[in-house]
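Asks: Provided below: run-v1.tsv, containing TSV, N, CA and C atoms.
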chain	number	residue	atom	x	y	z
A	86	MET	N	-13.38	-19.96	-14.08
A	86	MET	CA	-14.54	-20.74	-13.73
A	86	MET	C	-15.74	-19.80	-13.64
A	87	ASN	N	-16.83	-20.26	-14.13
A	87	ASN	CA	-18.08	-19.52	-14.02
A	87	ASN	C	-19.07	-20.34	-13.23
A	88	ILE	N	-19.76	-19.68	-12.33
A	88	ILE	CA	-20.81	-20.32	-11.54
A	88	ILE	C	-22.12	-19.66	-11.93
A	89	VAL	N	-23.10	-20.46	-12.29
A	89	VAL	CA	-24.40	-19.93	-12.69
A	89	VAL	C	-25.38	-20.15	-11.55
A	90	ILE	N	-26.01	-19.07	-11.12
A	90	ILE	CA	-27.04	-19.15	-10.09
A	90	ILE	C	-28.34	-18.68	-10.71
A	91	ASP	N	-29.33	-19.52	-10.63
A	91	ASP	CA	-30.63	-19.22	-11.22
A	91	ASP	C	-31.18	-17.92	-10.65
A	92	ASP	N	-31.80	-17.12	-11.51
A	92	ASP	CA	-32.38	-15.85	-11.08
A	92	ASP	C	-33.41	-16.04	-9.98
A	93	GLU	N	-34.11	-17.18	-10.00
A	93	GLU	CA	-35.11	-17.45	-8.97
A	93	GLU	C	-34.46	-17.54	-7.59
A	94	VAL	N	-33.29	-18.17	-7.52
A	94	VAL	CA	-32.57	-18.28	-6.26
A	94	VAL	C	-32.17	-16.90	-5.78
A	95	ALA	N	-31.61	-16.09	-6.67
A	95	ALA	CA	-31.21	-14.73	-6.31
A	95	ALA	C	-32.41	-13.92	-5.84
A	96	SER	N	-33.53	-14.10	-6.50
A	96	SER	CA	-34.74	-13.38	-6.14
A	96	SER	C	-35.24	-13.78	-4.75
A	97	ILE	N	-35.22	-15.08	-4.48
A	97	ILE	CA	-35.65	-15.57	-3.16
A	97	ILE	C	-34.73	-15.00	-2.07
A	98	LEU	N	-33.45	-14.94	-2.35
A	98	LEU	CA	-32.49	-14.41	-1.39
A	98	LEU	C	-32.53	-12.89	-1.30
A	99	GLY	N	-33.13	-12.25	-2.30
A	99	GLY	CA	-33.18	-10.79	-2.33
A	99	GLY	C	-31.82	-10.17	-2.61
A	100	MET	N	-31.01	-10.85	-3.41
A	100	MET	CA	-29.66	-10.39	-3.72
A	100	MET	C	-29.47	-10.26	-5.21
A	101	ASP	N	-28.63	-9.30	-5.59
A	101	ASP	CA	-28.24	-9.23	-7.00
A	101	ASP	C	-26.92	-9.98	-7.18
A	102	ALA	N	-26.42	-10.02	-8.40
A	102	ALA	CA	-25.22	-10.80	-8.70
A	102	ALA	C	-24.01	-10.33	-7.89
A	103	GLU	N	-23.85	-9.02	-7.74
A	103	GLU	CA	-22.71	-8.49	-6.99
A	103	GLU	C	-22.78	-8.88	-5.52
A	104	GLU	N	-23.96	-8.80	-4.93
A	104	GLU	CA	-24.12	-9.19	-3.54
A	104	GLU	C	-23.83	-10.67	-3.33
A	105	LEU	N	-24.26	-11.50	-4.27
A	105	LEU	CA	-23.99	-12.94	-4.17
A	105	LEU	C	-22.50	-13.23	-4.25
A	106	LYS	N	-21.79	-12.52	-5.14
A	106	LYS	CA	-20.34	-12.70	-5.25
A	106	LYS	C	-19.65	-12.27	-3.96
A	107	GLN	N	-20.11	-11.16	-3.37
A	107	GLN	CA	-19.52	-10.70	-2.12
A	107	GLN	C	-19.75	-11.72	-1.01
A	108	TYR	N	-20.96	-12.25	-0.94
A	108	TYR	CA	-21.29	-13.25	0.07
A	108	TYR	C	-20.39	-14.48	-0.09
A	109	LEU	N	-20.20	-14.92	-1.32
A	109	LEU	CA	-19.32	-16.07	-1.59
A	109	LEU	C	-17.89	-15.77	-1.15
A	110	ALA	N	-17.39	-14.59	-1.50
A	110	ALA	CA	-16.02	-14.22	-1.13
A	110	ALA	C	-15.84	-14.18	0.39
A	111	VAL	N	-16.80	-13.59	1.10
A	111	VAL	CA	-16.73	-13.53	2.56
A	111	VAL	C	-16.78	-14.93	3.15
A	112	ALA	N	-17.68	-15.77	2.67
A	112	ALA	CA	-17.81	-17.13	3.19
A	112	ALA	C	-16.53	-17.93	2.97
A	113	LEU	N	-15.94	-17.83	1.79
A	113	LEU	CA	-14.70	-18.56	1.53
A	113	LEU	C	-13.57	-18.05	2.40
A	114	TYR	N	-13.52	-16.75	2.62
A	114	TYR	CA	-12.50	-16.15	3.47
A	114	TYR	C	-12.66	-16.62	4.92
A	115	LYS	N	-13.87	-16.53	5.44
A	115	LYS	CA	-14.10	-16.85	6.85
A	115	LYS	C	-14.07	-18.35	7.14
A	116	TYR	N	-14.61	-19.16	6.23
A	116	TYR	CA	-14.80	-20.57	6.56
A	116	TYR	C	-13.84	-21.53	5.86
A	117	LYS	N	-13.17	-21.06	4.82
A	117	LYS	CA	-12.22	-21.93	4.13
A	117	LYS	C	-10.80	-21.38	4.20
A	118	GLY	N	-10.64	-20.18	4.77
A	118	GLY	CA	-9.31	-19.64	5.04
A	118	GLY	C	-8.54	-19.10	3.85
A	119	ILE	N	-9.25	-18.71	2.77
A	119	ILE	CA	-8.50	-18.10	1.67
A	119	ILE	C	-8.02	-16.71	2.12
A	120	HIS	N	-6.99	-16.21	1.50
A	120	HIS	CA	-6.43	-14.91	1.84
A	120	HIS	C	-7.33	-13.78	1.35
A	121	GLY	N	-7.23	-12.64	2.03
A	121	GLY	CA	-8.02	-11.47	1.66
A	121	GLY	C	-7.79	-11.02	0.23
A	122	ALA	N	-6.54	-11.13	-0.24
A	122	ALA	CA	-6.25	-10.73	-1.62
A	122	ALA	C	-7.00	-11.62	-2.61
A	123	LEU	N	-7.06	-12.90	-2.32
A	123	LEU	CA	-7.77	-13.83	-3.20
A	123	LEU	C	-9.28	-13.60	-3.12
A	124	ALA	N	-9.78	-13.36	-1.92
A	124	ALA	CA	-11.21	-13.06	-1.76
A	124	ALA	C	-11.57	-11.79	-2.53
A	125	GLY	N	-10.69	-10.79	-2.47
A	125	GLY	CA	-10.91	-9.57	-3.22
A	125	GLY	C	-10.93	-9.81	-4.72
A	126	LYS	N	-10.09	-10.72	-5.16
A	126	LYS	CA	-10.03	-11.05	-6.59
A	126	LYS	C	-11.36	-11.61	-7.09
A	127	ILE	N	-12.06	-12.36	-6.23
A	127	ILE	CA	-13.35	-12.94	-6.60
A	127	ILE	C	-14.34	-11.85	-6.96
A	128	ILE	N	-14.24	-10.71	-6.27
A	128	ILE	CA	-15.20	-9.62	-6.49
A	128	ILE	C	-14.57	-8.41	-7.19
A	129	ASP	N	-13.41	-8.63	-7.80
A	129	ASP	CA	-12.71	-7.58	-8.56
A	129	ASP	C	-12.40	-6.36	-7.70
A	130	LYS	N	-11.93	-6.62	-6.47
A	130	LYS	CA	-11.55	-5.55	-5.54
A	130	LYS	C	-10.17	-5.86	-4.98
A	131	SER	N	-9.52	-4.82	-4.43
A	131	SER	CA	-8.24	-5.02	-3.76
A	131	SER	C	-8.48	-5.68	-2.41
A	132	GLU	N	-7.41	-6.16	-1.80
A	132	GLU	CA	-7.55	-6.75	-0.47
A	132	GLU	C	-8.10	-5.71	0.51
A	133	PHE	N	-7.63	-4.48	0.42
A	133	PHE	CA	-8.09	-3.41	1.30
A	133	PHE	C	-9.59	-3.16	1.11
A	134	GLU	N	-10.03	-3.12	-0.15
A	134	GLU	CA	-11.46	-2.93	-0.42
A	134	GLU	C	-12.28	-4.12	0.09
A	135	PHE	N	-11.73	-5.32	-0.05
A	135	PHE	CA	-12.42	-6.50	0.46
A	135	PHE	C	-12.60	-6.41	1.97
A	136	HIS	N	-11.60	-5.92	2.68
A	136	HIS	CA	-11.72	-5.79	4.13
A	136	HIS	C	-12.86	-4.85	4.50
A	137	GLY	N	-13.10	-3.81	3.72
A	137	GLY	CA	-14.24	-2.94	3.95
A	137	GLY	C	-15.55	-3.67	3.76
A	138	ILE	N	-15.63	-4.49	2.73
A	138	ILE	CA	-16.84	-5.28	2.47
A	138	ILE	C	-17.03	-6.29	3.60
A	139	LEU	N	-15.95	-6.90	4.02
A	139	LEU	CA	-15.99	-7.86	5.13
A	139	LEU	C	-16.60	-7.19	6.37
A	140	SER	N	-16.17	-5.98	6.64
A	140	SER	CA	-16.70	-5.23	7.77
A	140	SER	C	-18.19	-4.95	7.62
A	141	SER	N	-18.63	-4.66	6.39
A	141	SER	CA	-20.05	-4.38	6.16
A	141	SER	C	-20.91	-5.62	6.41
A	142	PHE	N	-20.28	-6.80	6.37
A	142	PHE	CA	-20.98	-8.05	6.68
A	142	PHE	C	-20.92	-8.34	8.18
A	143	GLY	N	-20.27	-7.45	8.94
A	143	GLY	CA	-20.15	-7.66	10.38
A	143	GLY	C	-19.08	-8.65	10.76
A	144	GLU	N	-18.16	-8.91	9.85
A	144	GLU	CA	-17.09	-9.88	10.08
A	144	GLU	C	-15.77	-9.14	10.30
A	145	THR	N	-14.82	-9.84	10.89
A	145	THR	CA	-13.50	-9.27	11.15
A	145	THR	C	-12.44	-9.94	10.27
A	146	VAL	N	-11.32	-9.27	10.15
A	146	VAL	CA	-10.20	-9.80	9.38
A	146	VAL	C	-9.59	-10.98	10.11
A	147	ASN	N	-9.29	-12.04	9.38
A	147	ASN	CA	-8.59	-13.19	9.96
A	147	ASN	C	-7.13	-12.79	10.16
A	148	TYR	N	-6.72	-12.61	11.41
A	148	TYR	CA	-5.34	-12.21	11.71
A	148	TYR	C	-5.02	-12.76	13.09
A	149	ASP	N	-4.09	-13.69	13.13
A	149	ASP	CA	-3.75	-14.30	14.41
A	149	ASP	C	-2.28	-14.09	14.73
A	150	ILE	N	-1.82	-14.68	15.79
A	150	ILE	CA	-0.45	-14.51	16.24
A	150	ILE	C	0.56	-14.96	15.19
A	151	ASP	N	0.24	-16.01	14.45
A	151	ASP	CA	1.15	-16.47	13.40
A	151	ASP	C	1.29	-15.41	12.30
A	152	ASP	N	0.18	-14.74	11.96
A	152	ASP	CA	0.24	-13.67	10.98
A	152	ASP	C	1.11	-12.52	11.49
A	153	LEU	N	0.96	-12.17	12.76
A	153	LEU	CA	1.76	-11.11	13.35
A	153	LEU	C	3.23	-11.47	13.32
A	154	MET	N	3.55	-12.69	13.69
A	154	MET	CA	4.96	-13.13	13.68
A	154	MET	C	5.54	-13.09	12.27
A	155	ASP	N	4.75	-13.51	11.28
A	155	ASP	CA	5.20	-13.45	9.89
A	155	ASP	C	5.45	-12.00	9.47
A	156	ASP	N	4.54	-11.10	9.85
A	156	ASP	CA	4.72	-9.69	9.50
A	156	ASP	C	5.96	-9.10	10.15
A	157	ILE	N	6.20	-9.46	11.39
A	157	ILE	CA	7.40	-8.97	12.07
A	157	ILE	C	8.64	-9.53	11.39
A	158	LYS	N	8.63	-10.83	11.09
A	158	LYS	CA	9.77	-11.46	10.44
A	158	LYS	C	10.05	-10.84	9.07
A	159	ASN	N	8.99	-10.50	8.35
A	159	ASN	CA	9.14	-9.94	7.00
A	159	ASN	C	9.19	-8.42	6.99
A	160	ASN	N	9.19	-7.81	8.17
A	160	ASN	CA	9.22	-6.35	8.31
A	160	ASN	C	8.06	-5.69	7.60
A	161	ASP	N	6.89	-6.34	7.57
A	161	ASP	CA	5.71	-5.79	6.89
A	161	ASP	C	4.96	-4.78	7.74
A	162	LEU	N	5.38	-4.59	8.98
A	162	LEU	CA	4.67	-3.66	9.86
A	162	LEU	C	5.26	-2.27	9.82
A	163	PHE	N	6.42	-2.13	9.25
A	163	PHE	CA	7.11	-0.84	9.29
A	163	PHE	C	7.32	-0.25	7.93
For the file at hand, write its structure as structure tokens.

Replies:
Amino acid sequence: MNIVIDDEVASILGMDAEELKQYLAVALYKYKGIHGALAGKIIDKSEFEFHGILSSFGETVNYDIDDLMDDIKNNDLF
């Protein structure tokens, strides 16, 4: 899928194409609950790299007790 954003919109926002893609990835991660790996895919980055970008936006990683329990169950912590 390709999304076209008019250059005028980008100019008004003061963002380039990469910044707009990052903003979209962060918004979808925080507000629609997509996984970090998928958010990273939107911006051609790994999940780990996406978490760094997320931090630069002042946001935190979505990780709750259910995620912890899944990691323990799947031995992903060790």

Asks: Between A:Lys106, A:Val146, A:Lys115, A:Asp151, single out the one closest to A:Ile127, counting all atoms listed in the file.

Replies: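 With all atoms listed in the file as the atom set, the closest residue is A:Lys106.
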
Asks: Specify the axis-aligned box that encloses all atoms of stretch 135-154 of chain A listed in the file after padding of 4 Å on each side, stating its centre and edge lengths in Å to one decimal as AutoDock Vina command-line options.

Replies:
--center_x -7.7 --center_y -9.7 --center_z 8.1 --size_x 34.5 --size_y 21.5 --size_z 24.3

Asks: Give me, please, the distance in Å between atom CA of A:Leu109 and atom CA of A:Asp156, quoted to one decimal.

Replies: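 Computing the Euclidean distance for atom CA of A:Leu109 and atom CA of A:Asp156 yields 27.2 Å.
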
Asks: Ranking A:Val94, A:Ala102, A:Val111, A:Ile119 by minimum distance to A:Phe142 and counting only C-alpha atoms, which one comes first?

Replies: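 Residue with the minimum atom-to-atom distance to A:Phe142: A:Val111.
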
Asks: What is the distance, in Å and to one decimal place, between atom N of A:Gly143 and atom C of A:Ile97?

Replies: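 These atoms are spaced 19.7 Å apart.
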
Asks: For the atom pair atom C of A:Ala124 and atom C of A:Ala95, what is the interatomic distance in Å to one decimal place?

Replies: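 It comes out at 21.2 Å.
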
Asks: Please run DSSP on the backbone and report, as a ChimeraX atom specification, all residues within chain A that come out as alpha helix (DSSP H).

Replies: /A:92-98,102-117,121-127,132-141,150-158

Asks: Please list as a VMD selection string every residue within 8 Å of A:Gln107, counting all atoms listed in the file and excluding residues in the same chain fewer than 3 positions away.

Replies: chain A and resid 101 to 104 110 to 113 127 to 128 138 to 139

Asks: Dump N, CA and C atoms for the selected residues as an mmCIF file, in the coordinates of the input?

Replies:
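Generated output (selection_33.cif):
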data_model
loop_
_atom_site.group_PDB
_atom_site.id
_atom_site.type_symbol
_atom_site.label_atom_id
_atom_site.label_comp_id
_atom_site.auth_asym_id
_atom_site.auth_seq_id
_atom_site.Cartn_x
_atom_site.Cartn_y
_atom_site.Cartn_z
ATOM 1 N N ASP A 101 -28.630 -9.300 -5.590
ATOM 2 C CA ASP A 101 -28.240 -9.230 -7.000
ATOM 3 C C ASP A 101 -26.920 -9.980 -7.180
ATOM 4 N N ALA A 102 -26.420 -10.020 -8.400
ATOM 5 C CA ALA A 102 -25.220 -10.800 -8.700
ATOM 6 C C ALA A 102 -24.010 -10.330 -7.890
ATOM 7 N N GLU A 103 -23.850 -9.020 -7.740
ATOM 8 C CA GLU A 103 -22.710 -8.490 -6.990
ATOM 9 C C GLU A 103 -22.780 -8.880 -5.520
ATOM 10 N N GLU A 104 -23.960 -8.800 -4.930
ATOM 11 C CA GLU A 104 -24.120 -9.190 -3.540
ATOM 12 C C GLU A 104 -23.830 -10.670 -3.330
ATOM 13 N N ALA A 110 -17.390 -14.590 -1.500
ATOM 14 C CA ALA A 110 -16.020 -14.220 -1.130
ATOM 15 C C ALA A 110 -15.840 -14.180 0.390
ATOM 16 N N VAL A 111 -16.800 -13.590 1.100
ATOM 17 C CA VAL A 111 -16.730 -13.530 2.560
ATOM 18 C C VAL A 111 -16.780 -14.930 3.150
ATOM 19 N N ALA A 112 -17.680 -15.770 2.670
ATOM 20 C CA ALA A 112 -17.810 -17.130 3.190
ATOM 21 C C ALA A 112 -16.530 -17.930 2.970
ATOM 22 N N LEU A 113 -15.940 -17.830 1.790
ATOM 23 C CA LEU A 113 -14.700 -18.560 1.530
ATOM 24 C C LEU A 113 -13.570 -18.050 2.400
ATOM 25 N N ILE A 127 -12.060 -12.360 -6.230
ATOM 26 C CA ILE A 127 -13.350 -12.940 -6.600
ATOM 27 C C ILE A 127 -14.340 -11.850 -6.960
ATOM 28 N N ILE A 128 -14.240 -10.710 -6.270
ATOM 29 C CA ILE A 128 -15.200 -9.620 -6.490
ATOM 30 C C ILE A 128 -14.570 -8.410 -7.190
ATOM 31 N N ILE A 138 -15.630 -4.490 2.730
ATOM 32 C CA ILE A 138 -16.840 -5.280 2.470
ATOM 33 C C ILE A 138 -17.030 -6.290 3.600
ATOM 34 N N LEU A 139 -15.950 -6.900 4.020
ATOM 35 C CA LEU A 139 -15.990 -7.860 5.130
ATOM 36 C C LEU A 139 -16.600 -7.190 6.370
#
